[in-house]
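Trainee: Dropping the structure in here first, questions after.
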Amino acid sequence: MESKNSYTFNYVFFLVGITPLLLWMWHHVHQDAWWDELISLKDYALVSFETTRTSYPEPGNHIFFNLFDNLVSRLIGERDFYELLDNLWKLRLAQGLLAIGTCVYVFLTVKQFFSERYASLAVIFLASTIPFLNFSLQLRGYNMSMLFVSMIIYHGWSYLDNRKLPHLILTGLTSFFLLYTIPSNVYFLFGLSAVIGIDWLLQFREKGGNEKTKKGKKEKRPSLFSFPHLWVLAAIGIGAGITFVAYQPVMEQLLDNRFVSKAPPERAFVLTTVFPSVMKAFFSFRWLLLIPILGGIFFWFTKKDLDFDHKKLVQVLVVFLLPFLFLFLHEKVPFERTFVHLAPVFAILIAAITALFIDGLKFNETVKQTIVAVLAIFCLGNSVWQNLEINAHLDKNLERNKREQNIYNAFFLADNFQPHKAVKEFLALNDTNAAVMLVDELDRVSYLYYLEKYDIVSYAMIKIQPKQVEAQGRKFTHVGMFQKSQGKGNKPAFQQIPANLDEKNKQYNDYLLLTQVVSQIERGKNLYLFTGFPNNAEKAFDMFFKDQISLKRENEFGFANLYRVEPRTQSQQP
């Protein structure tokens with residue numbers, strides 16, 4: 001039984017451990033939406049439930065998550081897309097509550113199955129894991145997936161231990177929710193099912209079948225179908241089966257899209273590239289944790305008198321590793337974020353091993369609790385340090401004209417990612433005779449929708465392809481595509497334009513082409529430019545328009561750089 005002192009200690013350090021998440025929520029709950037979030041909201045959440053359920057142009061609709069946001073937006077009375085852009089904190093707060101729920105479940109899992117006294121370690125490790133924080137408020141299905149993963153493990157294992165029906169029902173439900181949120185979560189369900197199935201067979205081998213007694217008589221022993229594993233596997237299978245039915249309206253797009261069909265650059269890509277990168281991100285530069293982890297592994301094999309569940313510790317390790325192995329065998333090219341849902345499994349794993357290490361030390365309980373306190377302070381301090389480092393790194397990227405997006409460094413999580421503020425800076429100029437261009441803007445969609453909110457027409461360069469074409473009796477070397485946002489409530493227009501361009505100027509040609517096009521279309525209007533790469537912009541205009549037009553900065557350097565494109569007067573020319 002857990003002592004009162006241990007109970008109080010766990011409660012206190014649960015609160016200390018969850019502090020990085022609470023700080024993250026406080027700092028990011030009002031953050032502007034980025035590309036994927038905006039598409040998710042506009043096309044899949046702020047629509048009818050039927051549209052949410054049946055629309056899947058490509059793997060951008062995390063269906064169960066968007067059904068959740070669809071419901072939440074109705075409950076809070078925020079159904080207008082443009083008005084909701086001012087109140088995204090309401091949806092982000094809902095995500096934060098789900099993230100807190102994940103912390104509760106990893107705490108309960110470690111407490112029930114590994115260590116009553118040091119269960120707070122799971123929260124300490126999870127809430128200071130940078131990928132967990134990065135996705136905790138994101139309006140996509142990854143945070144929700146982490147909650148369902150932790151719930152399936154807890155309720156599945158709990159049913160195996162006590163055979164209480166609510167645990168079985170919740171195992172089936174959360175299996176359905178997990179798979180209906182993001183289809184690639186199926187690899188986790190495969191892994192968990194394989195582990196439970198193997199444990200089932202091992203237990204049957206140990207306890208099952210008919211066996212002769214010493215007197216030569218047969219004694220009735222449990223049959224294969226009397227073990228609770230069968231019901232847990234059935235619950236997961238039923239949940240997966242219901243998901244299969246639910247996905248029927250979009251099954252063709254689900255099984256055949258550009259991400260599913262993409263082959264890896266090399267056979268072992270998942271194991272040699274993705275796995276090490278994900279592991280590094282999960283450790284989040286907390287390399288000192290290797291000391292208790294290695295110590296726990298050492299005690300695992302050397303201290304036979306320690307009371308811990310060897311079997312479940314092996315199971316959680318295998319459950320963590322199998323999704324990587326399955327994707328390797330399947331020869332797919334997953335994003336790093338495909339594995340973010342394993343963050344709770346990682347936290348449970350290292351918390352269990354660390355608790356084993358602390359249990360094995362020959363110190364009194366006060367010293368052992370002090371070690372947990374030191375780990376908590378270390379992880380809290382590391383999360384603060386890493387967030388500062390990441391922001392500095394992302395700021396440096398702007399100077400290097402680099403757009404970075406992975407589970408550790410994502411441009412849209414930078415403090416200076418404020419497209420809404422940038423648009424308001426443009427509005428403050430009060431120029432009613434203006435046309436807006438977007439080149440190298442880092443996040444085209446965020447600008448387009450925030451500009452649309454105020455009914456501002458804008459032009460964005462999408463891409464330029466080297467392609468020999470003929471148009472109007474002339475030959476051209478390239479074809480460029482730009483997008484015109486036609487104001488609030490209007491569908492954007494896309495147009496291709498032929499051009500003769502020099503490949504040597506590849507990184508600057510977007511500026512040349514869009515400026516020429518918009519100057520013709522919006523003749524007589526004042527041109528403004530939003531860009532994330534000011535060095536590129538200034539060099540491009542100096543290269544192509546040195547004697548014609550210049551750039552005048554209208555705001556401070558940062559993610560969103562606003563320039564006015566001004567004609568050069570005679571006195572300005574050299």
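A note on labels: chains of the structure tokens are A, B, ... as shown, every chain counts residues from 1, and ligands are counted from 1 in their shown order.
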Which residues are close to segment 427-441 of chain A, i.e. within 6 Å by only C-alpha atoms, leaving aside same-chain residues fewer than 5 positions away? Reply as a list in words.
Mentor: Ser458, Tyr459, Ala460, Met461, Lys525, Asn526, Leu527, Tyr528, Leu529, Phe530, Thr531 and Gly532 of chain A
Trainee: Do a neighbour search on Leu349 of chain A at 8 Å with only C-alpha atoms, toss out local chain neighbours closer than 2 positions, and write the hits as a PyMOL selection string.
Mentor: chain A and resi 313+316-317+345-347+351-353
Trainee: Neighbouring residues of Thr8 of chain A were defined as those with any atom within 12 Å, considering only C-alpha atoms; residues of the same chain fewer than 5 positions away were excluded. Please report them as a list in words.
Mentor: Glu2, Ser3, Phe13, Phe14, Leu15, Glu116, Arg117, Tyr118, Ala119, Ser120 and Gln369 of chain A
Trainee: Which polymer residues have any atom within 6 Å of an atom of segment 143-152 of chain A, counting only C-alpha atoms, with same-chain residues fewer than 4 positions away left out, as a list in words?
Mentor: Thr102, Tyr105, Phe135, Ser136, Gly156, Thr171, Thr174, Leu178 and His341 of chain A
Trainee: Output C-alpha atoms for every residue in the selection just made, as a tab-separated table (two decimals), in the first residue's frame.
Mentor:
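For reference, part.tsv as written:
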chain	number	residue	atom	x	y	z
A	102	THR	CA	-2.40	12.42	-21.10
A	105	TYR	CA	-2.89	8.67	-17.63
A	135	PHE	CA	1.98	19.29	-30.35
A	136	SER	CA	0.05	19.81	-27.11
A	156	GLY	CA	-6.02	-2.60	-21.53
A	171	THR	CA	-10.02	-0.10	-24.46
A	174	THR	CA	-10.16	4.44	-27.45
A	178	LEU	CA	-7.16	6.52	-32.00
A	341	HIS	CA	1.90	9.64	-30.36
Trainee: Would you mind listing what lies within 10 Å of segment 55-66 of chain A as a CSV table (one decimal) with C-alpha atoms, in the first residue's frame, with only C-alpha atoms counted and same-chain residues fewer than 5 positions away left out?
Mentor:
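Contents of selection_1.csv, as written:
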chain,number,residue,atom,x,y,z
A,36,ASP,CA,-2.3,22.9,-41.6
A,37,GLU,CA,-4.4,24.3,-38.7
A,39,ILE,CA,-7.0,24.2,-43.6
A,40,SER,CA,-8.2,21.8,-40.9
A,41,LEU,CA,-10.5,24.4,-39.4
A,43,ASP,CA,-12.3,22.8,-44.7
A,44,TYR,CA,-13.0,20.1,-42.1
A,45,ALA,CA,-14.1,21.5,-38.8
A,46,LEU,CA,-16.3,24.5,-39.4
A,47,VAL,CA,-18.5,22.6,-41.8
A,49,PHE,CA,-20.6,16.8,-39.5
A,50,GLU,CA,-21.3,15.0,-42.7
A,71,LEU,CA,-18.6,19.9,-31.8
A,72,VAL,CA,-16.5,22.2,-29.5
A,139,LEU,CA,-5.2,22.1,-33.7
A,140,ARG,CA,-4.5,18.7,-35.3
A,141,GLY,CA,-5.0,15.1,-34.3
A,142,TYR,CA,-1.5,14.4,-32.8
A,143,ASN,CA,-2.2,15.6,-29.2
A,144,MET,CA,-5.5,13.7,-29.2
A,145,SER,CA,-3.6,10.6,-30.4
A,176,PHE,CA,-11.6,3.3,-32.4
A,177,PHE,CA,-10.9,6.9,-31.5
A,178,LEU,CA,-7.2,6.5,-32.0
A,179,LEU,CA,-7.4,4.9,-35.4
A,180,TYR,CA,-10.2,7.3,-36.6
A,181,THR,CA,-8.1,10.3,-35.6
A,182,ILE,CA,-5.0,9.4,-37.7
A,183,PRO,CA,-4.8,6.2,-39.8
A,246,ALA,CA,-16.4,4.6,-40.5
A,247,TYR,CA,-13.6,5.2,-43.1
A,249,PRO,CA,-16.7,7.1,-47.5
A,250,VAL,CA,-13.0,8.0,-47.9
A,251,MET,CA,-11.4,4.6,-48.2
A,252,GLU,CA,-10.1,5.1,-51.7
A,253,GLN,CA,-8.4,8.3,-50.9
A,254,LEU,CA,-7.1,6.8,-47.6
A,255,LEU,CA,-5.4,3.9,-49.4
A,256,ASP,CA,-4.2,5.8,-52.5
A,257,ASN,CA,-2.5,9.2,-52.0
A,258,ARG,CA,0.8,10.8,-52.6
A,259,PHE,CA,2.1,10.0,-49.1
A,260,VAL,CA,1.1,6.4,-49.0
Trainee: Looking at only C-alpha atoms, which of A:Leu201, A:Leu289, A:Ile497, A:Leu85 is the one that sits closest to Phe378 of chain A?
Mentor: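 When distances to Phe378 of chain A are compared using only C-alpha atoms, the smallest one comes from A:Leu289.
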Trainee: So how far away is atom CA of Gln405 of chain A from atom CA of Leu442 of chain A, in Å?
Mentor: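 Between these atoms lies a distance of 10.4 Å.
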Trainee: If you run DSSP on the backbone, which residues of segment 317-484 of chain A are strand (DSSP E), as a VMD selection string?
Mentor: chain A and resid 434 to 438 458 to 471 474 to 484
Trainee: For each of A:Ile456, A:Leu321, A:Lys475, A:Val384, take the minimum atom-to-atom distance to Asn490 of chain A, counting only C-alpha atoms, then give the residue where this is smallest.
Mentor: A:Ile456
Trainee: DSSP says helix (DSSP H, G or I) for which residues of segment 116-282 of chain A? Put them as a PyMOL selection string?
Mentor: chain A and resi 120-127+130-136+142-162+165-181+183-207+224-226+229-246+248-255+269-282
Trainee: Which one is closest to Glu78 of chain A: A:Thr243, A:Ala343, A:Lys90, A:Phe285? Count only C-alpha atoms.
Mentor: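 Counting only C-alpha atoms, the residue closest to Glu78 of chain A is A:Lys90.
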Trainee: If we count only C-alpha atoms and set the cut-off at 8 Å, which residues sit around Leu356 of chain A, ignoring sequence neighbours fewer than 6 positions away in its own chain? Please answer as JSON, numbers by chain.
Mentor: {"A": [296, 299, 300, 306, 308]}
Trainee: List as CSV every residue of segment 91-158 of chain A that is in contact with segment 387-396 of chain A, defined as an atom at most 12 Å from one of its atoms (using only C-alpha atoms), together with the nearest atom pair and the distance in Å rounded to one decimal, sorted by chain and then rising number.
Mentor:
residue,atom,partner,partner_atom,distance
A:Ser128,CA,A:Asn387,CA,10.3
A:Thr129,CA,A:Asn387,CA,10.9
A:Ile130,CA,A:Asn387,CA,8.1
A:Pro131,CA,A:Asn387,CA,11.2
A:Leu133,CA,A:Asn387,CA,9.9
A:Asn134,CA,A:Asn387,CA,9.9
Trainee: Report, in Å to a single decimal, how far apart atom CA of Ile236 of chain A and atom CA of Phe188 of chain A are.
Mentor: 11.3 Å
Trainee: Extract, using only C-alpha atoms, all DNA, RNA and protein residues at most 9 Å from Ala268 of chain A, discarding same-chain residues fewer than 6 positions from it, and format them as a short mmCIF file (atom, residue, chain, number, x, y, z; two decimals) with all heavy atoms, in the first residue's frame.
Mentor:
data_model
loop_
_atom_site.label_atom_id
_atom_site.label_comp_id
_atom_site.auth_asym_id
_atom_site.auth_seq_id
_atom_site.Cartn_x
_atom_site.Cartn_y
_atom_site.Cartn_z
N PHE A 328 9.26 0.16 -41.22
CA PHE A 328 10.43 -0.29 -41.98
C PHE A 328 10.05 -1.47 -42.88
O PHE A 328 10.37 -1.49 -44.07
CB PHE A 328 11.54 -0.69 -41.02
CG PHE A 328 12.58 -1.61 -41.62
CD1 PHE A 328 13.45 -1.16 -42.59
CD2 PHE A 328 12.66 -2.94 -41.22
CE1 PHE A 328 14.41 -2.01 -43.16
CE2 PHE A 328 13.60 -3.79 -41.77
CZ PHE A 328 14.48 -3.33 -42.74
N LEU A 329 9.34 -2.44 -42.33
CA LEU A 329 8.93 -3.61 -43.11
C LEU A 329 7.94 -3.23 -44.20
O LEU A 329 7.93 -3.82 -45.28
CB LEU A 329 8.31 -4.66 -42.19
CG LEU A 329 9.25 -5.29 -41.14
CD1 LEU A 329 8.48 -6.20 -40.20
CD2 LEU A 329 10.38 -6.05 -41.83
N GLU A 331 7.97 -0.50 -45.79
CA GLU A 331 8.70 0.33 -46.75
C GLU A 331 7.97 1.64 -47.06
O GLU A 331 7.74 2.00 -48.21
CB GLU A 331 8.97 -0.43 -48.05
CG GLU A 331 9.96 -1.58 -47.90
CD GLU A 331 10.40 -2.15 -49.25
OE1 GLU A 331 11.11 -1.44 -49.97
OE2 GLU A 331 10.03 -3.28 -49.55
#
Trainee: What is the atom CA of Ser550 of chain A to atom CA of Ile521 of chain A distance in Å?
Mentor: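 So the two atoms, atom CA of Ser550 of chain A and atom CA of Ile521 of chain A, lie 19.3 Å apart.
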Trainee: So, with only C-alpha atoms as the atoms that count, which of A:Leu121, A:Met25, A:Leu192, A:Ile169 lies closest to Gly239 of chain A?
Mentor: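 Nearest candidate to Gly239 of chain A out of A:Leu121, A:Met25, A:Leu192, A:Ile169: A:Ile169.
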